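Scroll down for the structure; my scribbles are underneath it.
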Amino acid sequence: MRTLLLSALASSLMLSAAYGQEAATIIDYPPVTEEQLINPAPGDWPMYRRTYDGAGYSPLSAINKENVGKLVPAWTYSTGVVEGHESPPVVVNGVMFVTTPEHHVFALNAVTGDLYWKYTADITENTNPSHPTNRGVAVLGDKVFYAAHDATLVALDAKTGEEVWATEVANVDEAYYMTLAPLVADGKVMIGVSGGEYGIRGFVAAYDAETGEEAWKTYTIPAPDEPGGDTWPEGAYVTGAGSTWSTGNYDPESKLVYWGVGNAGPWMGDQRPGDNLYTASTIALDVETGEIKGHFQYTQNESFDWDEVTAPVLVDLQRDGETVKGLINPARNGVLWALERTEDGPINYIWGEKYVPGDVITDIDPETGRLTYDESKKPSTGVSKTYCPSIHGGRDWPSTAYSPDTNLLYIPANSNLCTELTGAEVEYEAGQPFIGFDSLEFLVADGAEYIGSVQAWDVSTGEMKWEHKFERSANWGPILATGGGLVFAGGTNDRMFRAFDAETGDVLWEQKLNSGVIGTPSTFEIDGKQYVAVQAGFGVDAVYNNTVIAEHFGFNPDVPQGGVVWVFEVKDDAAAPAN
């Protein structure tokens with residue numbers, strides 16, 4: 001076990017052998033203030049989705065519909081790592097921070113791509129993450145915050161890459177691990193944990209940004225004497241799972257943070273009768289105390305592995321002529337949810353619309369949003385069931401984007417993928433899989449004419465405005481929307497990175513990269529020049545899905561791997577990109 005470290009001195013003395021870094025001091029790096037996080041400068045991308053609302057939107061417009069066809073690479077940086085590169089290039093003070101698989105953090109000059117420093121975490125030996133990736137960093141003051149796979153939260157000096165402090169968040173002997181980007185708010189660094197497939201009890205925790213001391217810790221699976229505890233059989237809460245895979249979104253006015261919670265453990269709901277709160281839910285947490293102030297459960301007694309781990313986007317909605325503070329989330333169960341967030345925390349249902357085909361949900365209660373299932377499709381112990389969408393859902397972890405210019409939400413969707421699942425009894429053993437199935441197979445639905453797509457939905461009316469379909473590929477591409485009327489995304493097996501017209505869905509530009517793009521795009525501006533950045537590096541679930549799709553349609557499933565940071569700029573004399 002790693003020793004808990006609560007001071008910069010202790011960190012440097014006691015963990016020098018555990019974590020290593022290569023450092024070259026960054027000279028000009030003014031401290032990042034909380035006000036900069038609440039109201040980022042237009043040219044900055046200071047957190048996972050740029051702003052606390054999770055919109056994935058930048059107001060920059062120098063790259064726009066008229067000139068995006070002249071977009072060319074400004075520089076590239078090879079990470080030297082394979083597997084899935086998912087994190088966004090975070091850019092502040094002219095410095096780009098990116099993370100990769102294999103526990104690396106890079107600090108790069110955002111204009112030239114030159115390396116300032118590289119940090120590599122020396123992970124505890126018995127760490128066993130199911131997903132060998134990482135989704136980025138957070139910044140505050142002179143620190144960069146990183147979640148290491150072995151459930152350790154690390155604060156790095158932004159100028160040098162040296163450790164300031166490191167704190168153990170959870171015990172790897174119990175199969176906890178972390179892959180998400182931390183969230184900084186109110187002087188705290190908030191983090192969630194993964195490991196639901198091993199029977200953990202999930203939680204969100206907050207730490208003092210200066211010292212690494214724990215401020216609060218809130219379990220996503222309530223104990224019997226806590227609200228929601230009666231939705232579990234006796235004793236089941238201890239191994240109830242409820243991972244928090246992805247970064248939460250924050251409302252500075254109400255000081256509530258919204259976090260997505262994953263599936264329950266074991267998978268088969270008949271082994272844990274009840275709704276099983278707060279799995280497959282969004283929870284609203286008081287950022288000061290960690291108290292759960294509200295929740296909305298998307299799938300009761302979840303038995304499909306529909307982790308609803310992505311946080312909803314905070315959007316103002318129009319309803320009956322009034323403006324409502326909303327939450328928008330295209331959930332894994334294939335329903336696009338419009339919810340109301342309140343100042344005190346309770347989350348209210350507004351509407352739900354299926355955004356991909358599915359055969360499980362037969363009804364949505366118009367008052368509460370509670371689902372009714374076709375029970376013949378619901379997985380159970382000792383029985384094989386086939387259902388759509390698959391365990392990866394209508395949308396997995398890749399982020400949506402919302403543009404206030406168009407009032408459209410852009411969804412990286414997948415249709416016509418299904419799962420055949422045979423449930424089985426399972427006994428809990430610490431550190432061992434606690435899932436409960438004999439077999440699992442991905443299927444392409446009969447007659448499927450396409451798989452992946454980018455969809456655009458009007459969040460006021462609940463109507464889909466356009467959809468760009470990919471016939472022979474799933475879509476694993478997080479989305480970026482900009483003030484230039486553009487939507488950027490990769491995600492497909494043809495290695496393309498694309499710019500779409502935000503209003504029509506027309507492809508205005510595309511560039512084939514070294515590998516498939518499942519990285520999160522960002523955009524930034526330095527010295528009056530706008531750039532677009534993304535990491536290429538195919539891997540993880542995108543590879544598994546692609547193999548199934550390739551077998552169905554009869555093509556070679558191989559997609560080159562290898563991580564590269566790509567940064568693009570507009571050049572007036574640029575020729576059209578070679579594809």
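Naming scheme: A, B, ... for chains in displayed order of the structure tokens; residues 1 onward per chain; ligands 1 onward as shown.
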Per residue of segment 370-468 of chain A within 7 Å of segment 187-207 of chain A, what are the shortest atom pair and its distance in Å to one decimal, counting only C-alpha atoms, with rows by chain and residue number, as CSV?
```
residue,atom,partner,partner_atom,distance
A:Gly431,CA,A:Tyr198,CA,6.1
A:Gln432,CA,A:Tyr198,CA,5.7
A:Pro433,CA,A:Tyr198,CA,4.4
A:Phe434,CA,A:Tyr198,CA,4.7
A:Ile435,CA,A:Glu197,CA,5.7
```
Output N, CA and C atoms for every residue in that selection, as a CSV table (one decimal), in the first residue's frame.
```csv
chain,number,residue,atom,x,y,z
A,431,GLY,N,-11.0,-8.6,-5.2
A,431,GLY,CA,-10.0,-8.5,-6.3
A,431,GLY,C,-10.4,-9.3,-7.5
A,432,GLN,N,-11.4,-10.1,-7.4
A,432,GLN,CA,-11.8,-11.0,-8.5
A,432,GLN,C,-13.1,-10.5,-9.2
A,433,PRO,N,-13.3,-10.8,-10.5
A,433,PRO,CA,-14.5,-10.3,-11.2
A,433,PRO,C,-15.7,-10.7,-10.5
A,434,PHE,N,-16.7,-9.8,-10.4
A,434,PHE,CA,-17.9,-10.0,-9.7
A,434,PHE,C,-19.0,-9.5,-10.7
A,435,ILE,N,-19.2,-10.2,-11.8
A,435,ILE,CA,-20.1,-9.8,-12.8
A,435,ILE,C,-21.3,-10.8,-12.9
```
Tell me which protein, DNA and RNA residues are within 12 Å of Asp270 of chain A, counting only C-alpha atoms, leaving out same-chain ones fewer than 6 positions away, and put them as a list of chain:residue names.
A:Trp232, A:Pro233, A:Ala264, A:Asn276, A:Gln300, A:Asn301, A:Glu302, A:Ser303, A:Phe304, A:Glu375, A:Lys378, A:Pro379, A:Ser380, A:Thr381, A:Gly382, A:Val383, A:Gly423, A:Ala424, A:Glu425, A:Gly436
Can you spit out the residues from that selection as a compact mmCIF listing (two decimals), in the first residue's frame, using C-alpha atoms?
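Final file, selection.txt:
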```
# COMPACT_ATOMS: atom_id res chain seq x y z
CA TRP A 232 -31.01 -3.11 -1.89
CA PRO A 233 -31.24 -6.61 -0.40
CA ALA A 264 -24.76 -2.42 -10.17
CA ASN A 276 -30.60 -0.39 -6.47
CA GLN A 300 -34.13 0.69 -12.36
CA ASN A 301 -32.63 -2.65 -11.25
CA GLU A 302 -30.15 -2.18 -14.10
CA SER A 303 -29.23 -5.56 -15.61
CA PHE A 304 -27.86 -4.62 -19.04
CA GLU A 375 -39.18 -8.58 -19.29
CA LYS A 378 -34.06 -8.41 -19.39
CA PRO A 379 -31.00 -10.56 -18.55
CA SER A 380 -31.37 -12.97 -15.64
CA THR A 381 -29.50 -15.82 -13.97
CA GLY A 382 -29.18 -19.02 -15.97
CA VAL A 383 -30.99 -17.64 -19.01
CA GLY A 423 -26.46 -14.80 -16.68
CA ALA A 424 -24.82 -16.90 -13.96
CA GLU A 425 -24.47 -17.03 -10.19
CA GLY A 436 -22.09 -13.02 -13.16
```
Between atom CA of Pro101 of chain A and atom CA of Asp44 of chain A, what is the distance in Å, rounded to a tenth?
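Going from atom CA of Pro101 of chain A over to atom CA of Asp44 of chain A, I get 24.3 Å.
We find atom CA of Leu285 of chain A and atom CA of Val261 of chain A to be spaced 12.2 Å apart.
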Using only C-alpha atoms, which of A:Arg50, A:Lys118, A:Lys469, A:Lys65 sits nearest Pro88 of chain A?
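Comparing A:Arg50, A:Lys118, A:Lys469, A:Lys65 against Pro88 of chain A, the winner is A:Arg50.
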Measuring between only C-alpha atoms, which one of A:Ala74, A:Ile518, A:Val105, A:Met268 shows the shortest distance to Val540 of chain A?
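Selected residue with least distance to Val540 of chain A: A:Ile518.
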What's around segment 351-368 of chain A at 6 Å? Count only C-alpha atoms, leave out sequence neighbours fewer than 5 positions away in its own chain, and write the answer as a list in words.
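Once the nearby chain positions are removed, what remains is Gly334, Val335, Leu336, Trp337, Ala338, Tyr373, Asp374, Lys377, Cys388, Pro389, Gly394 and Ser415 of chain A.
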Could you give me, as a list of chain:residue names, the residues within 10 Å of Glu525 of chain A, counting only C-alpha atoms and dropping anything in the same chain fewer than 4 positions from it?
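Near neighbours after the sequence-gap exclusion: A:Ala41, A:Pro42, A:Gly43, A:Asp44, A:Trp45, A:Leu60, A:Ala62, A:Val91, A:Val92, A:Gly94, A:Ala110, A:Val111, A:Lys529, A:Gln530, A:Tyr531, A:Val532.
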